[in-house]
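Undergrad: So I've got this file, model-v3.txt, and it contains compact mmCIF, N, CA and C atoms:
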```
# COMPACT_ATOMS: atom_id res chain seq x y z
N MET T 1 0.85 -1.17 0.00
CA MET T 1 0.00 0.00 0.00
C MET T 1 0.89 1.23 0.00
N LYS T 2 0.62 2.16 -0.91
CA LYS T 2 1.42 3.37 -1.05
C LYS T 2 0.73 4.59 -0.48
N ALA T 3 -0.31 4.35 0.33
CA ALA T 3 -1.06 5.47 0.90
C ALA T 3 -1.55 5.10 2.28
N ASN T 4 -1.81 6.12 3.06
CA ASN T 4 -2.40 5.95 4.38
C ASN T 4 -3.82 6.48 4.36
N GLU T 5 -4.76 5.68 4.87
CA GLU T 5 -6.11 6.18 5.06
C GLU T 5 -6.07 7.02 6.33
N ILE T 6 -6.43 8.29 6.23
CA ILE T 6 -6.33 9.20 7.37
C ILE T 6 -7.62 9.22 8.18
N THR T 7 -8.74 9.49 7.53
CA THR T 7 -10.01 9.58 8.24
C THR T 7 -11.15 9.41 7.26
N THR T 8 -12.30 9.10 7.77
CA THR T 8 -13.52 9.04 6.97
C THR T 8 -14.47 10.10 7.52
N THR T 9 -15.10 10.83 6.60
CA THR T 9 -15.98 11.91 7.03
C THR T 9 -17.24 11.94 6.17
N GLU T 10 -18.33 12.38 6.74
CA GLU T 10 -19.58 12.55 5.99
C GLU T 10 -19.72 14.00 5.57
N ILE T 11 -20.15 14.19 4.35
CA ILE T 11 -20.34 15.53 3.80
C ILE T 11 -21.80 15.65 3.35
N THR T 12 -22.47 16.70 3.80
CA THR T 12 -23.85 16.96 3.38
C THR T 12 -23.83 17.92 2.20
N LEU T 13 -24.37 17.46 1.10
CA LEU T 13 -24.43 18.27 -0.12
C LEU T 13 -25.58 19.25 -0.04
N PRO T 14 -25.56 20.33 -0.85
CA PRO T 14 -26.67 21.29 -0.85
C PRO T 14 -28.03 20.63 -1.10
N SER T 15 -28.05 19.51 -1.80
CA SER T 15 -29.31 18.81 -2.07
C SER T 15 -29.84 18.08 -0.84
N GLY T 16 -29.00 17.99 0.20
CA GLY T 16 -29.39 17.26 1.40
C GLY T 16 -28.84 15.84 1.43
N ASP T 17 -28.34 15.37 0.28
CA ASP T 17 -27.73 14.04 0.23
C ASP T 17 -26.45 14.04 1.06
N VAL T 18 -26.18 12.91 1.67
CA VAL T 18 -24.96 12.77 2.47
C VAL T 18 -24.05 11.77 1.78
N ILE T 19 -22.80 12.13 1.59
CA ILE T 19 -21.81 11.22 1.02
C ILE T 19 -20.70 11.01 2.05
N THR T 20 -20.09 9.85 2.00
CA THR T 20 -18.99 9.54 2.91
C THR T 20 -17.70 9.52 2.10
N GLN T 21 -16.75 10.32 2.54
CA GLN T 21 -15.46 10.43 1.85
C GLN T 21 -14.34 9.95 2.76
N CYS T 22 -13.33 9.36 2.16
CA CYS T 22 -12.16 8.92 2.89
C CYS T 22 -11.00 9.83 2.49
N VAL T 23 -10.35 10.42 3.47
CA VAL T 23 -9.17 11.24 3.20
C VAL T 23 -7.97 10.31 3.15
N VAL T 24 -7.20 10.39 2.07
CA VAL T 24 -6.06 9.52 1.85
C VAL T 24 -4.81 10.38 1.71
N GLN T 25 -3.69 9.91 2.23
CA GLN T 25 -2.42 10.61 2.08
C GLN T 25 -1.43 9.68 1.37
N GLU T 26 -0.84 10.18 0.28
CA GLU T 26 0.20 9.43 -0.39
C GLU T 26 1.43 9.37 0.51
N LYS T 27 2.04 8.20 0.59
CA LYS T 27 3.23 8.06 1.44
C LYS T 27 4.42 8.81 0.86
N GLU T 28 4.64 8.70 -0.46
CA GLU T 28 5.83 9.31 -1.07
C GLU T 28 5.77 10.83 -1.10
N SER T 29 4.64 11.39 -1.53
CA SER T 29 4.55 12.84 -1.70
C SER T 29 4.03 13.55 -0.46
N GLY T 30 3.27 12.84 0.37
CA GLY T 30 2.65 13.46 1.53
C GLY T 30 1.39 14.24 1.20
N LEU T 31 0.96 14.22 -0.07
CA LEU T 31 -0.22 14.96 -0.51
C LEU T 31 -1.49 14.21 -0.12
N TYR T 32 -2.56 14.99 0.12
CA TYR T 32 -3.85 14.44 0.53
C TYR T 32 -4.85 14.55 -0.62
N PHE T 33 -5.81 13.63 -0.62
CA PHE T 33 -6.95 13.71 -1.53
C PHE T 33 -8.09 12.89 -0.94
N CYS T 34 -9.28 13.05 -1.49
CA CYS T 34 -10.46 12.32 -1.01
C CYS T 34 -10.97 11.38 -2.08
N VAL T 35 -11.50 10.25 -1.62
CA VAL T 35 -12.17 9.29 -2.50
C VAL T 35 -13.44 8.84 -1.80
N ASP T 36 -14.38 8.32 -2.57
CA ASP T 36 -15.58 7.78 -1.98
C ASP T 36 -15.18 6.64 -1.04
N ALA T 37 -15.72 6.64 0.15
CA ALA T 37 -15.33 5.66 1.17
C ALA T 37 -15.58 4.23 0.71
N SER T 38 -16.54 4.01 -0.16
CA SER T 38 -16.83 2.65 -0.61
C SER T 38 -15.64 2.04 -1.35
N PHE T 39 -14.83 2.87 -2.00
CA PHE T 39 -13.67 2.36 -2.70
C PHE T 39 -12.66 1.76 -1.73
N VAL T 40 -12.60 2.29 -0.54
CA VAL T 40 -11.66 1.80 0.44
C VAL T 40 -12.29 0.70 1.29
N GLU T 41 -13.50 0.94 1.76
CA GLU T 41 -14.15 0.02 2.70
C GLU T 41 -14.63 -1.27 2.04
N GLN T 42 -15.12 -1.19 0.80
CA GLN T 42 -15.70 -2.35 0.15
C GLN T 42 -14.84 -2.90 -0.97
N SER T 43 -13.64 -2.36 -1.15
CA SER T 43 -12.74 -2.79 -2.23
C SER T 43 -13.45 -2.79 -3.58
N VAL T 44 -14.15 -1.68 -3.88
CA VAL T 44 -14.90 -1.55 -5.13
C VAL T 44 -13.97 -1.56 -6.33
N GLY T 45 -12.81 -0.99 -6.19
CA GLY T 45 -11.85 -0.93 -7.28
C GLY T 45 -10.59 -0.24 -6.82
N PRO T 46 -9.66 -0.05 -7.73
CA PRO T 46 -8.41 0.58 -7.34
C PRO T 46 -8.60 2.06 -7.02
N VAL T 47 -7.81 2.57 -6.11
CA VAL T 47 -7.77 4.00 -5.83
C VAL T 47 -6.55 4.53 -6.56
N LEU T 48 -6.79 5.40 -7.53
CA LEU T 48 -5.70 5.96 -8.32
C LEU T 48 -5.33 7.33 -7.81
N SER T 49 -4.05 7.61 -7.78
CA SER T 49 -3.56 8.90 -7.32
C SER T 49 -3.90 10.00 -8.32
N PRO T 50 -4.47 11.10 -7.86
CA PRO T 50 -4.69 12.22 -8.77
C PRO T 50 -3.37 12.97 -9.04
N TYR T 51 -2.35 12.67 -8.28
CA TYR T 51 -1.05 13.34 -8.43
C TYR T 51 -0.03 12.46 -9.12
N GLY T 52 -0.20 11.14 -9.03
CA GLY T 52 0.82 10.21 -9.52
C GLY T 52 0.57 9.68 -10.91
N HIS T 53 -0.17 10.42 -11.72
CA HIS T 53 -0.38 10.05 -13.12
C HIS T 53 -0.93 8.64 -13.28
N GLY T 54 -1.96 8.31 -12.49
CA GLY T 54 -2.61 7.02 -12.66
C GLY T 54 -2.01 5.90 -11.84
N THR T 55 -1.15 6.20 -10.91
CA THR T 55 -0.56 5.16 -10.09
C THR T 55 -1.59 4.60 -9.12
N ALA T 56 -1.74 3.29 -9.09
CA ALA T 56 -2.66 2.66 -8.15
C ALA T 56 -2.03 2.69 -6.76
N LEU T 57 -2.76 3.27 -5.81
CA LEU T 57 -2.27 3.37 -4.45
C LEU T 57 -2.84 2.29 -3.56
N LEU T 58 -4.11 2.05 -3.70
CA LEU T 58 -4.79 1.02 -2.93
C LEU T 58 -5.57 0.19 -3.94
N ASP T 59 -5.39 -1.11 -3.91
CA ASP T 59 -6.18 -1.92 -4.82
C ASP T 59 -6.66 -3.17 -4.12
N ASP T 60 -7.68 -3.80 -4.72
CA ASP T 60 -8.39 -4.86 -4.01
C ASP T 60 -7.60 -6.15 -3.84
N ASP T 61 -6.50 -6.32 -4.53
CA ASP T 61 -5.72 -7.54 -4.29
C ASP T 61 -4.54 -7.29 -3.36
N GLY T 62 -4.41 -6.05 -2.87
CA GLY T 62 -3.39 -5.74 -1.89
C GLY T 62 -2.00 -5.58 -2.44
N GLU T 63 -1.81 -5.69 -3.75
CA GLU T 63 -0.49 -5.56 -4.33
C GLU T 63 -0.34 -4.18 -4.94
N ASP T 64 0.64 -3.43 -4.48
CA ASP T 64 0.83 -2.05 -4.93
C ASP T 64 0.98 -1.97 -6.44
N GLY T 65 0.23 -1.06 -7.05
CA GLY T 65 0.39 -0.73 -8.45
C GLY T 65 0.08 -1.84 -9.43
N ALA T 66 -0.54 -2.92 -8.97
CA ALA T 66 -0.71 -4.08 -9.84
C ALA T 66 -2.01 -4.05 -10.64
N PHE T 67 -2.91 -3.13 -10.33
CA PHE T 67 -4.24 -3.19 -10.91
C PHE T 67 -4.56 -1.87 -11.60
N LEU T 68 -3.96 -1.67 -12.75
CA LEU T 68 -4.20 -0.44 -13.51
C LEU T 68 -5.10 -0.78 -14.69
N MET T 69 -6.33 -0.34 -14.62
CA MET T 69 -7.28 -0.63 -15.67
C MET T 69 -7.28 0.50 -16.69
N PRO T 70 -7.07 0.17 -17.96
CA PRO T 70 -7.01 1.21 -18.99
C PRO T 70 -8.22 2.13 -19.02
N ASP T 71 -9.44 1.60 -18.80
CA ASP T 71 -10.61 2.47 -18.87
C ASP T 71 -10.64 3.46 -17.71
N ILE T 72 -10.15 3.07 -16.54
CA ILE T 72 -10.10 3.99 -15.41
C ILE T 72 -9.03 5.05 -15.64
N VAL T 73 -7.85 4.62 -16.07
CA VAL T 73 -6.76 5.56 -16.31
C VAL T 73 -7.12 6.53 -17.43
N SER T 74 -7.74 6.04 -18.50
CA SER T 74 -8.12 6.93 -19.59
C SER T 74 -9.15 7.95 -19.13
N GLY T 75 -10.05 7.54 -18.23
CA GLY T 75 -11.05 8.46 -17.71
C GLY T 75 -10.45 9.62 -16.94
N ILE T 76 -9.32 9.40 -16.32
CA ILE T 76 -8.64 10.46 -15.59
C ILE T 76 -7.98 11.45 -16.55
N PHE T 77 -7.53 10.95 -17.70
CA PHE T 77 -6.76 11.79 -18.62
C PHE T 77 -7.46 12.07 -19.94
N GLY T 78 -8.78 12.28 -19.90
CA GLY T 78 -9.46 12.79 -21.08
C GLY T 78 -10.21 11.78 -21.91
N GLY T 79 -10.38 10.57 -21.44
CA GLY T 79 -11.16 9.59 -22.18
C GLY T 79 -10.36 8.91 -23.27
N PRO T 80 -11.06 8.22 -24.17
CA PRO T 80 -10.38 7.40 -25.17
C PRO T 80 -9.42 8.16 -26.07
N TRP T 81 -9.68 9.43 -26.27
CA TRP T 81 -8.79 10.21 -27.15
C TRP T 81 -7.81 11.07 -26.36
N GLY T 82 -7.81 10.94 -25.05
CA GLY T 82 -6.88 11.69 -24.20
C GLY T 82 -5.48 11.11 -24.28
N GLU T 83 -4.63 11.64 -23.42
CA GLU T 83 -3.23 11.21 -23.43
C GLU T 83 -2.67 11.30 -22.02
N HIS T 84 -1.93 10.29 -21.62
CA HIS T 84 -1.26 10.31 -20.32
C HIS T 84 -0.07 11.28 -20.43
N PRO T 85 0.11 12.18 -19.45
CA PRO T 85 1.17 13.19 -19.56
C PRO T 85 2.59 12.62 -19.60
N SER T 86 2.80 11.45 -19.05
CA SER T 86 4.14 10.87 -19.06
C SER T 86 4.40 9.96 -20.26
N TYR T 87 3.33 9.57 -20.95
CA TYR T 87 3.47 8.62 -22.06
C TYR T 87 2.69 9.13 -23.28
N PRO T 88 3.29 10.00 -24.08
CA PRO T 88 2.59 10.58 -25.23
C PRO T 88 2.25 9.54 -26.30
N ARG T 89 1.18 9.82 -27.00
CA ARG T 89 0.76 8.93 -28.08
C ARG T 89 1.84 8.76 -29.14
N GLN T 90 2.64 9.77 -29.32
CA GLN T 90 3.72 9.68 -30.30
C GLN T 90 4.68 8.54 -29.94
N ASP T 91 4.97 8.34 -28.64
CA ASP T 91 5.84 7.24 -28.22
C ASP T 91 5.17 5.89 -28.48
N TRP T 92 3.86 5.81 -28.21
CA TRP T 92 3.12 4.59 -28.48
C TRP T 92 3.13 4.28 -29.98
N GLN T 93 2.89 5.31 -30.81
CA GLN T 93 2.90 5.11 -32.26
C GLN T 93 4.26 4.61 -32.73
N HIS T 94 5.31 5.13 -32.14
CA HIS T 94 6.67 4.68 -32.47
C HIS T 94 6.83 3.19 -32.16
N ASP T 95 6.34 2.77 -30.98
CA ASP T 95 6.42 1.36 -30.61
C ASP T 95 5.58 0.48 -31.54
N VAL T 96 4.41 0.97 -31.95
CA VAL T 96 3.56 0.20 -32.87
C VAL T 96 4.27 0.04 -34.22
N ILE T 97 4.78 1.13 -34.75
CA ILE T 97 5.46 1.10 -36.05
C ILE T 97 6.65 0.16 -36.04
N ASN T 98 7.35 0.12 -34.90
CA ASN T 98 8.54 -0.73 -34.77
C ASN T 98 8.22 -2.12 -34.22
N SER T 99 6.93 -2.48 -34.23
CA SER T 99 6.47 -3.79 -33.75
C SER T 99 6.92 -4.10 -32.32
N ALA T 100 7.05 -3.06 -31.49
CA ALA T 100 7.44 -3.25 -30.10
C ALA T 100 6.23 -3.50 -29.20
N THR T 101 5.03 -3.25 -29.74
CA THR T 101 3.80 -3.52 -28.98
C THR T 101 2.65 -3.82 -29.92
N ASN T 102 1.73 -4.61 -29.43
CA ASN T 102 0.47 -4.86 -30.12
C ASN T 102 -0.69 -4.25 -29.35
N PHE T 103 -0.38 -3.57 -28.24
CA PHE T 103 -1.40 -2.98 -27.39
C PHE T 103 -2.01 -1.74 -28.01
N GLY T 104 -3.28 -1.48 -27.65
CA GLY T 104 -3.88 -0.19 -27.93
C GLY T 104 -3.22 0.84 -27.03
N TYR T 105 -3.51 2.12 -27.27
CA TYR T 105 -2.81 3.18 -26.53
C TYR T 105 -2.95 3.04 -25.02
N TRP T 106 -4.19 2.92 -24.50
CA TRP T 106 -4.35 2.91 -23.04
C TRP T 106 -3.81 1.64 -22.40
N GLN T 107 -3.88 0.51 -23.10
CA GLN T 107 -3.26 -0.70 -22.57
C GLN T 107 -1.75 -0.51 -22.50
N TRP T 108 -1.19 0.11 -23.53
CA TRP T 108 0.26 0.38 -23.57
C TRP T 108 0.65 1.34 -22.44
N ALA T 109 -0.12 2.42 -22.26
CA ALA T 109 0.19 3.39 -21.20
C ALA T 109 0.15 2.72 -19.83
N CYS T 110 -0.85 1.87 -19.58
CA CYS T 110 -0.92 1.18 -18.28
C CYS T 110 0.24 0.20 -18.12
N ALA T 111 0.64 -0.45 -19.20
CA ALA T 111 1.81 -1.35 -19.12
C ALA T 111 3.07 -0.55 -18.79
N GLN T 112 3.19 0.66 -19.37
CA GLN T 112 4.34 1.52 -19.05
C GLN T 112 4.34 1.92 -17.58
N LEU T 113 3.16 2.29 -17.06
CA LEU T 113 3.03 2.67 -15.66
C LEU T 113 3.38 1.51 -14.74
N THR T 114 2.88 0.33 -15.07
CA THR T 114 3.15 -0.85 -14.25
C THR T 114 4.64 -1.20 -14.28
N ALA T 115 5.25 -1.14 -15.46
CA ALA T 115 6.69 -1.42 -15.57
C ALA T 115 7.49 -0.43 -14.75
N LYS T 116 7.10 0.83 -14.79
CA LYS T 116 7.79 1.86 -14.02
C LYS T 116 7.67 1.58 -12.52
N GLU T 117 6.46 1.18 -12.09
CA GLU T 117 6.23 0.85 -10.68
C GLU T 117 7.13 -0.28 -10.20
N HIS T 118 7.36 -1.26 -11.09
CA HIS T 118 8.12 -2.44 -10.72
C HIS T 118 9.59 -2.35 -11.15
N GLY T 119 10.01 -1.19 -11.65
CA GLY T 119 11.40 -0.99 -12.03
C GLY T 119 11.84 -1.79 -13.23
N SER T 120 10.91 -2.09 -14.12
CA SER T 120 11.22 -2.89 -15.30
C SER T 120 11.16 -2.03 -16.55
N ASN T 121 11.91 -2.40 -17.57
CA ASN T 121 11.86 -1.70 -18.85
C ASN T 121 11.01 -2.46 -19.86
N ASP T 122 10.56 -3.66 -19.51
CA ASP T 122 9.80 -4.49 -20.42
C ASP T 122 8.31 -4.25 -20.23
N ALA T 123 7.73 -3.38 -21.07
CA ALA T 123 6.31 -3.05 -20.93
C ALA T 123 5.57 -3.17 -22.25
N SER T 124 6.06 -4.00 -23.15
CA SER T 124 5.42 -4.11 -24.45
C SER T 124 4.09 -4.78 -24.30
```
Spit out the file's structure as structure tokens when you get a sec.

TA:
Amino acid sequence: MKANEITTTEITLPSGDVITQCVVQEKESGLYFCVDASFVEQSVGPVLSPYGHGTALLDDDGEDGAFLMPDIVSGIFGGPWGEHPSYPRQDWQHDVINSATNFGYWQWACAQLTAKEHGSNDAS
């Protein structure tokens, strides 16, 4: 786990609805952010860092950075036609042209992120 769960708090929206948020602190950067408490309490899915360019901080299998889903990561960075700031589409196109990958862009970007997390250069 690359983050600490700090506290859980209820927030009342102007509509009167109440939501429960979990305050999380990244261990490396010390930065804080909030996520829906269900993501932490019920292991609904991975908690991705808003600061770490899609790095999985908490995930349901307990293994750091192991669960990067392309659809979730793409949603953070502009959808299917967006681009991850650390992995430009031009680099992916270069790998495709040179037969270094058969992945689509977001699968390739997540493989790059996972390889970086694990200190590997093999992310084709």

Undergrad: Using Å and a single decimal, report how far CA of Trp106 in chain T sits from CA of Glu83 in chain T.

TA: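 Atom-to-atom, CA of Glu83 in chain T and CA of Trp106 in chain T are spaced 8.4 Å apart.
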
Undergrad: What separation in Å, quoted to one decimal, exists between CA of Thr8 in chain T and CA of Gly30 in chain T?

TA: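 Calculated distance between CA of Thr8 in chain T and CA of Gly30 in chain T is 17.6 Å.
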
Undergrad: For a test of reading the model, state the distance in Å between CA of Val23 in chain T and CA of Ile6 in chain T, rounded to one decimal.

TA: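 Going from CA of Val23 in chain T over to CA of Ile6 in chain T, I get 5.4 Å.
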
Undergrad: In terms of the shortest atom-to-atom distance over only C-alpha atoms, which of T:Val24, T:Val35, T:Ala109, T:Leu13 is closest to Pro85 in chain T?

TA: T:Ala109
